[in-house]
Amino acid sequence: MTDPYLFVQRDLESSVYTAVAKHLLERGDWKKQPRESTRFNLMLGDRNKLPWHRFGQIPGLTQVVNYYRGSEILCRKSSMVRTLKEHCKKSGVPEFQWLPKSFVLRPKINPSAQDTGDQHPAKRQAVARSDEREELRKCAQSHPLCIWIAKHTAGAKGEGIKISPDVEQLIQYVDDQSGAYICQLYIDRPLLLSHGRKFDIRCWVLLDLFYNVYLYREGVLRTASEPYTEDLSQLTQHLTNHCLQKELSENFGRYEEGNEMFYETFDRYLGSTHGVSLESAILPQIRTITRTCFLIIQDHINTGSCGYWSFQLFGLDFLLDENLKVWLLELNGAPACASKLLPEMVRSLVETAIDPAFPPQVNVQHKENLFERI
């Protein structure tokens, strides 16, 4: 074997990339470098603290980083909404039917700050231009029976969420917060599982070094602990986030271990209750939505002309309504992975996104790659 490849691990919190680092070391043809090393082939970094200026600076050294610069254009909720809507407007096509009606809201600037000059005029104008509360009000007037949900653009773990049929209440709520929010039409007739429970679907998508898009073959349903009702105050009926369910519901884990249902079980449920399969009714919609999103942002984040290469794992969250229509909820740029799926996902990720740049220098037992190009 020639000299081993070199990698740096700067993100010790990611379960996925901690497992990738372990996999590379166990394989035997990779060596871990100190965190601040400037000479490396692969950086497993923290997406919010990546030293972009270090990449591609050493002639003849192939370097790969585990994030695409600028991917937050889809991974922040307000940016995602704005990007998808602007694409449709520029292309002269109707807004995507798989994205719930969505509007970006920003807290109203404190009048006293304006009066004292603490708020820069350019910033006030930028905030005013990006706030869509008037468009939201008009939409709500034409849909008087609808329910709306407000979510912080960078919120996680079920934090910063409010559901209400009253958009004025939601606007007031946002004005009392900090940071941008999106206000979306709430899908109030979701497909339900046994015991009338709501769920969402987490899919994993990989962008490789050449901007090919892959969908992981396995996915997980994150399930609610309580039956779904119209009582919007009962968060455990409406929000399926694990942290929230575990904290607030005594029924966490009662129906599925860890409130997680995997594709095989869900496929049987679809067959017995609706006479369809994941492959026939659900996954084609997910593939179309996924391809569309990453095609739209390709020119913004593609590193093909840079002196280094990128790949990135994304988590895409979807909701099914009672008609089996798939709705995109959000994208996560640094997703965790269900522990049951982690070993095979890591192996397939390394094979798809890292090995093409750094061919294994040891014998590798080849198994089926579970990332499927779409």
# chains A, B, ... in the order shown; residues from 1 in each chain; ligands from 1

call {"tool": "select_by_dssp", "arguments": {"residues": "segment 141-368 of chain A", "states": "alpha helix (DSSP H)", "output": "PyMOL selection string"}}
result
chain A and resi 141-142+167-175+235-238+242-248+263-274+283-296+298-301+342-349

call {"tool": "residues_around", "arguments": {"residues": "Thr83 of chain A", "least_positions_apart": "4", "cutoff": "9 Å", "atoms": "only C-alpha atoms", "output": "list of chain:residue names"}}
result
A:Ile73, A:Leu74, A:Ser78, A:Ser79, A:His87, A:Cys88, A:Ile296, A:Ile297

call {"tool": "closest_residue", "arguments": {"among": "A:Arg106, A:Arg69, A:His274, A:Arg217", "to": "Met345 of chain A", "atoms": "only C-alpha atoms"}}
result
A:Arg217

call {"tool": "closest_residue", "arguments": {"among": "A:Gln63, A:Ser164, A:Asn48, A:Ser272", "to": "Val8 of chain A", "atoms": "only C-alpha atoms"}}
result
A:Gln63

call {"tool": "residues_around", "arguments": {"residues": "Asp208 of chain A", "least_positions_apart": "2", "cutoff": "7 Å", "atoms": "only C-alpha atoms", "output": "number ranges by chain"}}
result
A: 206, 210-213, 311-312, 352-353

call {"tool": "write_last_selection", "arguments": {"atoms": "N, CA and C atoms", "output": "CSV table (one decimal), in the first residue's frame"}}
result
chain,number,residue,atom,x,y,z
A,206,LEU,N,-28.1,12.2,-1.1
A,206,LEU,CA,-26.6,12.5,-1.2
A,206,LEU,C,-26.3,13.2,-2.5
A,210,PHE,N,-19.7,15.0,-8.2
A,210,PHE,CA,-20.0,15.4,-9.6
A,210,PHE,C,-21.5,16.0,-9.7
A,211,TYR,N,-22.0,16.3,-8.5
A,211,TYR,CA,-23.4,16.8,-8.4
A,211,TYR,C,-24.5,15.8,-8.9
A,212,ASN,N,-24.2,14.5,-8.9
A,212,ASN,CA,-25.2,13.5,-9.1
A,212,ASN,C,-26.0,13.4,-7.8
A,213,VAL,N,-27.3,13.2,-7.9
A,213,VAL,CA,-28.3,13.1,-6.8
A,213,VAL,C,-28.7,11.7,-6.5
A,311,PHE,N,-19.1,17.0,-1.3
A,311,PHE,CA,-20.3,16.1,-1.3
A,311,PHE,C,-21.1,16.6,-0.1
A,312,GLN,N,-22.3,16.1,0.0
A,312,GLN,CA,-23.1,16.5,1.1
A,312,GLN,C,-24.3,15.5,1.3
A,352,THR,N,-19.9,5.9,-2.4
A,352,THR,CA,-20.5,6.8,-3.5
A,352,THR,C,-19.8,8.1,-3.5
A,353,ALA,N,-19.4,8.7,-2.4
A,353,ALA,CA,-19.0,10.1,-2.4
A,353,ALA,C,-17.5,10.3,-2.1

call {"tool": "select_by_dssp", "arguments": {"residues": "segment 61-269 of chain A", "states": "strand (DSSP E or B)", "output": "number ranges by chain"}}
result
A: 64-65, 102-105, 148-152, 161-164, 181-185, 190, 193, 197-207, 213-216, 220-227, 260-262

call {"tool": "atom_distance", "arguments": {"atom1": "atom CA of Gln169 of chain A", "atom2": "atom CA of Lys138 of chain A"}}
result
15.0 Å

call {"tool": "residues_around", "arguments": {"residues": "segment 239-242 of chain A", "least_positions_apart": "5", "cutoff": "9 Å", "atoms": "only C-alpha atoms", "output": "list in words"}}
result
Ala156, Lys157, Gly158, Lys198, Phe199, Asp200, Arg222, Thr223, Ala224, Ser225, Gln234, Glu247, Phe252, Gly258, Asn259 and Glu260 of chain A

call {"tool": "write_last_selection", "arguments": {"atoms": "C-alpha atoms", "output": "PDB file, in the first residue's frame"}}
result
ATOM      1  CA  ALA A 156     -35.103  22.582  15.176  1.00  0.00           C
ATOM      2  CA  LYS A 157     -36.474  20.000  17.611  1.00  0.00           C
ATOM      3  CA  GLY A 158     -39.982  21.424  17.346  1.00  0.00           C
ATOM      4  CA  LYS A 198     -49.840  11.512  12.243  1.00  0.00           C
ATOM      5  CA  PHE A 199     -46.318  11.006  10.849  1.00  0.00           C
ATOM      6  CA  ASP A 200     -43.761  12.519   8.528  1.00  0.00           C
ATOM      7  CA  ARG A 222     -41.318   9.729  12.575  1.00  0.00           C
ATOM      8  CA  THR A 223     -44.602   9.024  14.281  1.00  0.00           C
ATOM      9  CA  ALA A 224     -46.831  10.832  16.752  1.00  0.00           C
ATOM     10  CA  SER A 225     -47.608   9.325  20.114  1.00  0.00           C
ATOM     11  CA  GLN A 234     -52.011  19.383  21.633  1.00  0.00           C
ATOM     12  CA  GLU A 247     -40.467  15.198  26.310  1.00  0.00           C
ATOM     13  CA  PHE A 252     -43.557   7.818  23.427  1.00  0.00           C
ATOM     14  CA  GLY A 258     -38.453   5.277  19.471  1.00  0.00           C
ATOM     15  CA  ASN A 259     -41.511   6.421  17.464  1.00  0.00           C
ATOM     16  CA  GLU A 260     -39.801   5.203  14.272  1.00  0.00           C
TER      17      GLU A 260
END

call {"tool": "closest_residue", "arguments": {"among": "A:Glu168, A:Glu330, A:Glu344, A:Asp267", "to": "Leu193 of chain A", "atoms": "only C-alpha atoms"}}
result
A:Asp267

call {"tool": "residues_around", "arguments": {"residues": "Lys325 of chain A", "least_positions_apart": "4", "cutoff": "12 Å", "atoms": "only C-alpha atoms", "output": "list in words"}}
result
Gln97, Trp98, Leu99, Pro100, Ile187, Arg189, Pro190, Leu191, Leu278, Ala281, Ile282, Leu283, Pro284, Gln285, Ile286, Ile289, Phe318, Leu319, Leu320 and Asp321 of chain A

call {"tool": "atom_distance", "arguments": {"atom1": "atom CA of Glu368 of chain A", "atom2": "atom CA of Thr290 of chain A"}}
result
22.5 Å

call {"tool": "atom_distance", "arguments": {"atom1": "atom CA of Val174 of chain A", "atom2": "atom CA of Glu135 of chain A"}}
result
15.4 Å

call {"tool": "residues_around", "arguments": {"residues": "Pro4 of chain A", "least_positions_apart": "3", "cutoff": "7 Å", "atoms": "only C-alpha atoms", "output": "list in words"}}
result
Asp29, Trp30 and Lys31 of chain A

call {"tool": "write_last_selection", "arguments": {"atoms": "N, CA, C and O atoms", "output": "mmCIF file, in the first residue's frame"}}
result
data_model
loop_
_atom_site.group_PDB
_atom_site.id
_atom_site.type_symbol
_atom_site.label_atom_id
_atom_site.label_comp_id
_atom_site.auth_asym_id
_atom_site.auth_seq_id
_atom_site.Cartn_x
_atom_site.Cartn_y
_atom_site.Cartn_z
ATOM 1 N N ASP A 29 -6.666 2.312 5.107
ATOM 2 C CA ASP A 29 -5.915 3.118 4.131
ATOM 3 C C ASP A 29 -6.123 4.616 4.334
ATOM 4 O O ASP A 29 -5.835 5.409 3.440
ATOM 5 N N TRP A 30 -6.615 4.987 5.513
ATOM 6 C CA TRP A 30 -6.786 6.391 5.864
ATOM 7 C C TRP A 30 -6.123 6.652 7.214
ATOM 8 O O TRP A 30 -6.115 5.788 8.090
ATOM 9 N N LYS A 31 -5.614 7.857 7.371
ATOM 10 C CA LYS A 31 -4.987 8.271 8.616
ATOM 11 C C LYS A 31 -5.585 9.600 9.058
ATOM 12 O O LYS A 31 -5.747 10.518 8.246
#

call {"tool": "closest_residue", "arguments": {"among": "A:Arg287, A:Pro94, A:Glu264, A:Leu209", "to": "Val326 of chain A", "atoms": "only C-alpha atoms"}}
result
A:Arg287

call {"tool": "decode", "arguments": {"residues": "segment 303-330 of chain A", "atoms": "N, CA, C and O atoms", "output": "short mmCIF file (atom, residue, chain, number, x, y, z; two decimals), in the first residue's frame"}}
result
data_model
loop_
_atom_site.label_atom_id
_atom_site.label_comp_id
_atom_site.auth_asym_id
_atom_site.auth_seq_id
_atom_site.Cartn_x
_atom_site.Cartn_y
_atom_site.Cartn_z
N THR A 303 -19.38 22.97 -7.15
CA THR A 303 -17.96 23.28 -6.97
C THR A 303 -17.10 22.72 -8.10
O THR A 303 -15.88 22.60 -7.96
N GLY A 304 -17.72 22.39 -9.22
CA GLY A 304 -16.98 21.78 -10.33
C GLY A 304 -15.82 22.61 -10.83
O GLY A 304 -14.83 22.08 -11.34
N SER A 305 -15.89 23.92 -10.69
CA SER A 305 -14.83 24.80 -11.20
C SER A 305 -13.88 25.26 -10.09
O SER A 305 -12.99 26.08 -10.33
N CYS A 306 -14.06 24.74 -8.88
CA CYS A 306 -13.21 25.14 -7.76
C CYS A 306 -11.98 24.23 -7.69
O CYS A 306 -11.88 23.23 -8.39
N GLY A 307 -11.08 24.57 -6.80
CA GLY A 307 -9.87 23.76 -6.64
C GLY A 307 -10.05 22.63 -5.65
O GLY A 307 -9.07 22.02 -5.22
N TYR A 308 -11.26 22.36 -5.27
CA TYR A 308 -11.56 21.26 -4.35
C TYR A 308 -12.91 20.66 -4.74
O TYR A 308 -13.63 21.18 -5.60
N TRP A 309 -13.27 19.56 -4.11
CA TRP A 309 -14.53 18.87 -4.39
C TRP A 309 -15.40 18.84 -3.15
O TRP A 309 -14.89 18.90 -2.03
N SER A 310 -16.70 18.73 -3.37
CA SER A 310 -17.64 18.65 -2.26
C SER A 310 -18.61 17.48 -2.45
O SER A 310 -18.88 17.06 -3.57
N PHE A 311 -19.10 17.00 -1.33
CA PHE A 311 -20.28 16.14 -1.32
C PHE A 311 -21.09 16.55 -0.10
O PHE A 311 -20.59 17.26 0.78
N GLN A 312 -22.34 16.13 -0.04
CA GLN A 312 -23.14 16.48 1.14
C GLN A 312 -24.33 15.53 1.28
O GLN A 312 -24.97 15.16 0.30
N LEU A 313 -24.58 15.17 2.52
CA LEU A 313 -25.76 14.38 2.86
C LEU A 313 -26.84 15.32 3.38
O LEU A 313 -26.58 16.18 4.23
N PHE A 314 -28.04 15.17 2.85
CA PHE A 314 -29.19 15.99 3.25
C PHE A 314 -30.29 15.10 3.83
O PHE A 314 -30.43 13.94 3.44
N GLY A 315 -31.08 15.67 4.70
CA GLY A 315 -32.30 15.02 5.17
C GLY A 315 -33.49 15.80 4.66
O GLY A 315 -33.60 17.00 4.92
N LEU A 316 -34.37 15.15 3.92
CA LEU A 316 -35.57 15.80 3.39
C LEU A 316 -36.78 15.24 4.13
O LEU A 316 -36.92 14.02 4.28
N ASP A 317 -37.63 16.15 4.58
CA ASP A 317 -38.82 15.76 5.34
C ASP A 317 -40.07 16.00 4.51
O ASP A 317 -40.27 17.09 3.96
N PHE A 318 -40.91 14.97 4.46
CA PHE A 318 -42.12 15.01 3.65
C PHE A 318 -43.33 14.63 4.50
O PHE A 318 -43.21 13.92 5.50
N LEU A 319 -44.49 15.12 4.07
CA LEU A 319 -45.76 14.78 4.68
C LEU A 319 -46.68 14.21 3.61
O LEU A 319 -46.68 14.68 2.47
N LEU A 320 -47.48 13.20 3.97
CA LEU A 320 -48.48 12.66 3.06
C LEU A 320 -49.86 13.10 3.53
O LEU A 320 -50.16 13.04 4.72
N ASP A 321 -50.68 13.55 2.58
CA ASP A 321 -52.06 13.85 2.96
C ASP A 321 -52.94 12.63 2.73
O ASP A 321 -52.47 11.57 2.28
N GLU A 322 -54.21 12.75 3.04
CA GLU A 322 -55.11 11.60 2.98
C GLU A 322 -55.31 11.08 1.57
O GLU A 322 -55.79 9.96 1.38
N ASN A 323 -54.92 11.86 0.57
CA ASN A 323 -55.01 11.43 -0.84
C ASN A 323 -53.69 10.87 -1.36
O ASN A 323 -53.53 10.68 -2.56
N LEU A 324 -52.73 10.65 -0.44
CA LEU A 324 -51.40 10.11 -0.77
C LEU A 324 -50.57 11.10 -1.59
O LEU A 324 -49.66 10.69 -2.30
N LYS A 325 -50.88 12.37 -1.48
CA LYS A 325 -50.05 13.38 -2.12
C LYS A 325 -48.89 13.71 -1.21
O LYS A 325 -49.05 13.87 0.01
N VAL A 326 -47.69 13.83 -1.79
CA VAL A 326 -46.49 14.13 -1.03
C VAL A 326 -46.26 15.64 -1.00
O VAL A 326 -46.29 16.31 -2.03
N TRP A 327 -46.00 16.16 0.20
CA TRP A 327 -45.70 17.58 0.39
C TRP A 327 -44.30 17.71 0.98
O TRP A 327 -43.94 17.00 1.92
N LEU A 328 -43.51 18.62 0.45
CA LEU A 328 -42.19 18.90 1.00
C LEU A 328 -42.33 19.83 2.20
O LEU A 328 -42.96 20.89 2.10
N LEU A 329 -41.74 19.44 3.32
CA LEU A 329 -41.76 20.27 4.51
C LEU A 329 -40.48 21.09 4.65
O LEU A 329 -40.53 22.31 4.78
N GLU A 330 -39.33 20.43 4.62
CA GLU A 330 -38.08 21.16 4.77
C GLU A 330 -36.90 20.26 4.41
O GLU A 330 -37.06 19.04 4.24
#
